[in-house]
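Pasted below: coords-v2.txt, compact mmCIF, C-alpha atoms.
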```txt
# COMPACT_ATOMS: atom_id res chain seq x y z
CA ALA A 87 57.07 26.59 8.89
CA ILE A 88 56.14 24.04 6.22
CA SER A 89 57.90 24.34 2.88
CA THR A 90 55.94 24.62 -0.35
CA VAL A 91 55.93 21.99 -3.09
CA GLY A 92 59.36 21.66 -4.65
CA ASP A 93 61.31 23.19 -1.76
CA PRO A 94 63.92 20.95 -0.12
CA ILE A 95 63.12 19.60 3.33
CA VAL A 96 65.53 18.68 6.13
CA LEU A 97 64.15 16.90 9.20
CA LEU A 98 66.26 16.08 12.24
CA ILE A 99 64.79 13.42 14.52
CA ASP A 100 66.72 12.70 17.72
CA ASP A 101 66.81 9.63 20.00
CA MET A 102 65.50 7.11 17.48
CA HIS A 103 66.43 4.31 19.91
CA TRP A 104 63.26 5.27 21.81
CA ALA A 105 60.98 5.22 18.74
CA ASP A 106 57.85 3.08 19.00
CA PRO A 107 56.42 1.06 16.07
CA SER A 108 53.68 3.62 15.32
CA SER A 109 56.18 6.47 15.08
CA LEU A 110 58.45 4.40 12.84
CA GLU A 111 55.55 3.59 10.54
CA LEU A 112 54.72 7.31 10.29
CA ILE A 113 58.34 8.13 9.43
CA ARG A 114 58.42 5.37 6.82
CA THR A 115 55.29 6.82 5.22
CA LEU A 116 56.77 10.32 5.17
CA ILE A 117 59.97 9.09 3.55
CA LEU A 118 58.33 6.99 0.86
CA GLY A 119 55.58 9.52 0.13
CA ALA A 120 57.68 12.70 0.07
CA LYS A 121 57.27 14.73 -3.14
CA ASN A 122 59.93 17.32 -2.26
CA PRO A 123 63.70 16.80 -2.19
CA PHE A 124 64.36 15.76 1.40
CA THR A 125 66.99 14.71 3.91
CA PHE A 126 66.12 12.91 7.12
CA LEU A 127 68.76 13.07 9.86
CA PHE A 128 68.38 10.42 12.54
CA THR A 129 70.43 10.19 15.72
CA TYR A 130 70.45 7.16 17.99
CA ARG A 131 72.52 5.40 20.60
CA PRO A 132 74.01 1.95 19.94
CA VAL A 133 71.24 -0.65 19.70
CA GLN A 134 70.88 -4.31 18.81
CA PRO A 135 70.67 -5.21 15.07
CA SER A 136 67.12 -6.41 15.71
CA HIS A 137 65.99 -2.97 16.88
CA PRO A 138 62.87 -1.78 14.94
CA PHE A 139 64.59 1.43 13.84
CA LEU A 140 67.50 -0.45 12.22
CA GLN A 141 65.02 -2.85 10.65
CA MET A 142 63.20 0.12 9.09
CA ILE A 143 66.48 1.52 7.73
CA GLN A 144 67.38 -1.89 6.30
CA ASP A 145 63.99 -2.16 4.58
CA LEU A 146 64.44 1.30 3.00
CA GLN A 147 67.72 0.17 1.43
CA HIS A 148 65.69 -1.88 -1.04
CA THR A 149 64.03 1.31 -2.34
CA HIS A 150 65.39 4.33 -4.21
CA ILE A 151 66.37 5.96 -0.91
CA SER A 152 70.12 6.45 -0.38
CA LYS A 153 71.63 6.17 3.09
CA THR A 154 74.79 7.56 4.69
CA GLU A 155 75.87 6.47 8.15
CA ILE A 156 78.25 8.54 10.29
CA GLN A 157 79.82 6.91 13.34
CA LEU A 158 80.48 9.47 16.07
CA ARG A 159 83.69 8.73 17.95
CA ASN A 160 84.55 9.73 21.49
CA LEU A 161 86.21 13.08 22.05
CA ARG A 162 89.98 13.41 22.20
CA GLU A 163 91.57 14.72 25.39
CA GLU A 164 92.03 18.22 23.96
CA SER A 165 88.33 18.39 23.07
CA VAL A 166 87.39 17.04 26.50
CA ARG A 167 89.47 19.84 28.01
CA GLU A 168 87.55 22.43 25.98
CA LEU A 169 84.20 20.92 26.98
CA VAL A 170 85.07 20.81 30.69
CA ALA A 171 86.34 24.39 30.50
CA ASN A 172 83.08 25.45 28.85
CA LEU A 173 80.96 23.67 31.46
CA LEU A 174 82.87 25.32 34.31
CA ASN A 175 83.21 28.69 32.54
CA ILE A 176 87.01 28.53 32.54
CA ASP A 177 89.21 30.40 30.06
CA SER A 178 91.00 27.34 28.67
CA ARG A 179 93.23 29.42 26.40
CA LYS A 180 94.61 31.33 29.37
CA GLU A 181 95.12 28.05 31.25
CA ARG A 182 96.96 26.59 28.27
CA LEU A 183 99.30 29.58 28.02
CA LEU A 184 100.09 29.39 31.73
CA GLU A 185 100.76 25.69 31.48
CA ARG A 186 103.07 26.17 28.48
CA GLU A 187 105.02 28.86 30.37
CA PHE A 188 105.33 26.58 33.38
CA ARG A 189 106.63 23.67 31.28
CA ASN A 190 109.21 25.92 29.61
CA GLU A 191 110.41 27.11 33.00
CA MET A 192 110.67 23.55 34.29
CA LYS A 193 112.62 22.59 31.17
CA GLU A 194 115.05 25.45 31.82
CA CYS A 195 115.48 24.20 35.39
CA GLU A 196 116.38 20.73 34.13
CA GLU A 197 118.85 22.15 31.61
CA VAL A 198 120.58 24.16 34.31
CA LYS A 199 120.80 21.08 36.55
CA ASP A 200 122.41 19.11 33.73
CA MET A 201 125.00 21.85 33.20
CA GLY A 202 126.16 21.67 36.82
CA VAL A 203 127.01 25.38 36.84
CA GLY A 204 127.98 27.06 40.13
CA LYS A 205 125.14 29.52 39.68
CA GLU A 206 122.70 26.67 39.51
CA LYS A 207 120.99 27.33 42.82
CA SER A 208 120.23 30.97 42.16
CA ILE A 209 119.01 30.30 38.63
CA ILE A 210 116.79 27.45 39.73
CA LYS A 211 115.41 29.56 42.53
CA ALA A 212 114.51 32.33 40.09
CA SER A 213 113.05 29.98 37.51
CA CYS A 214 111.06 27.88 39.91
CA ASN A 215 109.50 30.63 41.99
CA CYS A 216 106.31 30.10 40.02
CA CYS A 217 106.16 26.51 41.31
CA MET A 218 106.13 27.46 44.98
CA GLY A 219 102.45 28.27 45.05
CA SER A 220 101.72 24.90 43.49
CA ARG A 221 103.90 23.08 46.03
CA ARG A 222 102.23 24.88 48.90
CA ASN A 223 98.82 23.99 47.46
CA LYS A 224 99.89 20.38 47.12
CA SER A 225 101.05 20.14 50.74
CA LYS A 226 97.88 21.79 51.97
CA SER A 227 95.79 19.37 49.92
CA LYS A 228 97.55 16.41 51.52
CA GLU A 229 96.79 17.81 54.96
CA GLY A 230 93.18 18.24 53.90
CA SER A 231 93.11 21.95 54.72
CA GLU A 232 92.09 23.12 51.24
CA PRO A 233 91.35 21.55 47.83
CA GLU A 234 93.28 22.01 44.62
CA ASP A 235 92.20 24.94 42.51
CA LEU A 236 92.62 26.43 39.07
CA SER A 237 95.13 29.09 40.02
CA HIS A 238 98.20 27.33 38.63
CA PRO A 239 98.84 25.04 35.66
CA CYS A 240 100.35 22.42 37.98
CA THR A 241 96.97 22.02 39.65
CA SER A 242 94.79 23.23 36.81
CA LEU A 243 92.36 22.07 34.20
CA GLN A 244 94.63 19.32 32.89
CA ARG A 245 94.38 17.17 36.02
CA LEU A 246 90.62 17.40 36.02
CA THR A 247 90.56 16.66 32.29
CA SER A 248 92.69 13.54 32.80
CA ALA A 249 90.31 12.32 35.50
CA VAL A 250 87.29 12.98 33.28
CA CYS A 251 88.88 11.15 30.32
CA SER A 252 89.77 8.08 32.39
CA ILE A 253 86.18 7.78 33.64
CA THR A 254 84.11 8.76 30.58
CA ASN A 255 86.41 7.68 27.71
CA GLY A 256 85.53 10.96 26.00
CA ASN A 257 81.76 10.38 25.79
CA PRO A 258 80.23 13.93 25.72
CA PHE A 259 77.03 12.87 27.49
CA PHE A 260 78.90 11.15 30.33
CA ILE A 261 81.33 14.07 30.63
CA ARG A 262 78.52 16.51 31.33
CA GLN A 263 76.74 14.11 33.68
CA GLN A 264 79.95 13.31 35.56
CA ILE A 265 80.69 17.02 36.11
CA ILE A 266 77.14 17.54 37.39
CA CYS A 267 77.49 14.49 39.63
CA TRP A 268 80.72 15.83 41.16
CA ILE A 269 79.05 19.19 41.79
CA ASP A 270 76.09 17.46 43.47
CA GLN A 271 78.49 15.44 45.64
CA GLY A 272 80.42 18.55 46.65
CA LEU A 273 83.62 17.40 44.92
CA LEU A 274 83.50 20.43 42.65
CA LYS A 275 82.71 23.64 44.51
CA LEU A 276 82.28 27.21 43.36
CA ASP A 277 84.39 29.63 45.38
CA VAL A 278 82.08 32.64 45.37
CA LYS A 279 84.72 35.03 46.73
CA GLN A 280 87.32 34.15 44.10
CA HIS A 281 84.76 33.43 41.35
CA ARG A 282 86.30 30.09 40.37
CA TRP A 283 85.82 26.35 40.79
CA VAL A 284 87.92 24.42 43.32
CA TRP A 285 88.32 20.71 43.93
CA ASP A 286 90.36 17.98 45.59
CA ILE A 287 91.67 15.82 42.76
CA GLU A 288 92.45 12.87 45.05
CA LYS A 289 88.85 12.72 46.30
CA ILE A 290 87.61 12.90 42.71
CA ARG A 291 89.84 9.99 41.69
CA LYS A 292 88.57 7.88 44.60
CA CYS A 293 84.86 8.62 44.08
CA THR A 294 82.41 6.07 42.71
CA VAL A 295 82.47 5.87 38.93
CA LEU A 296 79.08 6.16 37.22
CA ASN A 297 79.76 5.05 33.65
CA ASP A 298 76.25 4.40 32.34
CA VAL A 299 72.94 6.23 32.20
CA VAL A 300 71.11 3.83 34.53
CA SER A 301 73.64 4.12 37.35
CA MET A 302 73.72 7.92 37.02
CA VAL A 303 69.94 8.23 37.23
CA SER A 304 69.78 5.69 40.08
CA GLU A 305 72.40 7.63 42.05
CA LYS A 306 70.44 10.87 41.60
CA ILE A 307 67.23 9.18 42.78
CA ARG A 308 68.99 7.75 45.86
CA ARG A 309 69.95 11.28 46.92
CA LEU A 310 66.34 12.51 46.80
CA PRO A 311 64.16 12.66 49.95
CA GLU A 312 62.44 9.38 50.82
CA LEU A 313 58.97 10.81 50.14
CA THR A 314 60.07 11.95 46.66
CA GLN A 315 61.51 8.50 45.93
CA HIS A 316 58.20 6.93 46.93
CA ALA A 317 56.30 9.31 44.62
CA LEU A 318 58.62 8.44 41.74
CA THR A 319 58.03 4.72 42.37
CA ILE A 320 54.28 5.30 41.97
CA CYS A 321 54.73 7.54 38.91
CA ALA A 322 56.86 4.87 37.25
CA CYS A 323 53.77 2.66 37.05
CA ILE A 324 51.81 5.22 35.04
CA GLY A 325 51.38 4.50 31.34
CA SER A 326 52.15 1.35 29.38
```
Turn this file's structure into structure tokens for me.
Amino acid sequence: AISTVGDPIVLLIDDMHWADPSSLELIRTLILGAKNPFTFLFTYRPVQPSHPFLQMIQDLQHTHISKTEIQLRNLREESVRELVANLLNIDSRKERLLEREFRNEMKECEEVKDMGVGKEKSIIKASCNCCMGSRRNKSKSKEGSEPEDLSHPCTSLQRLTSAVCSITNGNPFFIRQQIICWIDQGLLKLDVKQHRWVWDIEKIRKCTVLNDVVSMVSEKIRRLPELTQHALTICACIGS
């Protein structure tokens, strides 16, 4: 819907790094000719100072138009964890509670060891029972019989989050693409019977890192059938 005269206008225009000169000239005309109160929100990826979009913004600074620039920083590890959990439909709050319980139990084990009490063995056995499943999973993973899963905080979301952070540096776009890439490569698999995602963290750590858009797209194209790749090569020549 178009607002009437006098109503405030907010326009969000995404991916300004792709804007062509004609589109930029149209936007400049809209900004300078607007009769209503307005706010233009532009999003763009890092570009060179000589980029036409930045040149347009610099030119508008000499007018009555005010500008505010917001630098978006990479996500912190906790936020990455939430994003990964959302992408894989994992209850991150439940995982966090389990992990906290596990850490408390491990801390109790260490305290008992330091005390050197005669009942140490029985207490440690009772406290560390929860770890046995994790240890068995770990040994099975080494033998290659089954991948790590999300069933225990020792082998849970945190390890995957750490791997994602080390590869993507918290870039939301790369996080999503990296998860999709791992699924395509079979490194992340959905266990239909147990209704959860499973993986082998060692294989994930050793896989090829795709840390830019070009390499990600190129890798996807390389996995397509040869005939499809040939068709894309022809289609790439269409247009200007």
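One finds atom CA of A:Trp283 at 12.0 Å from atom CA of A:Asp177.
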Counting only C-alpha atoms, which residues come within 12 Å of (89.4, 15.7, 21.3), with the point read in the file's coordinates, and could you list them as a count of residues only? 18
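From atom CA of A:Lys292 back to atom CA of A:Leu273, the distance works out to 10.7 Å.
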Which of A:Met102, A:Ile307, A:Leu243, A:Ile320 sits closest to A:Asn175 [using all atoms listed in the file]: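 Of the candidates, the smallest distance to A:Asn175 is held by A:Leu243.
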Just the residues within 9 Å of stretch 126-128 of chain A, please, counting only C-alpha atoms, with nothing from its chain fewer than 2 positions along; format it as JSON, numbers by chain. {"A": [95, 96, 97, 98, 99, 100, 101, 102, 117, 124, 130]}
Name the closest residue to A:Ile143 among the candidates A:Arg309, A:Arg114, A:His103, A:His281; distances are taken between atoms, counting only C-alpha atoms. A:Arg114
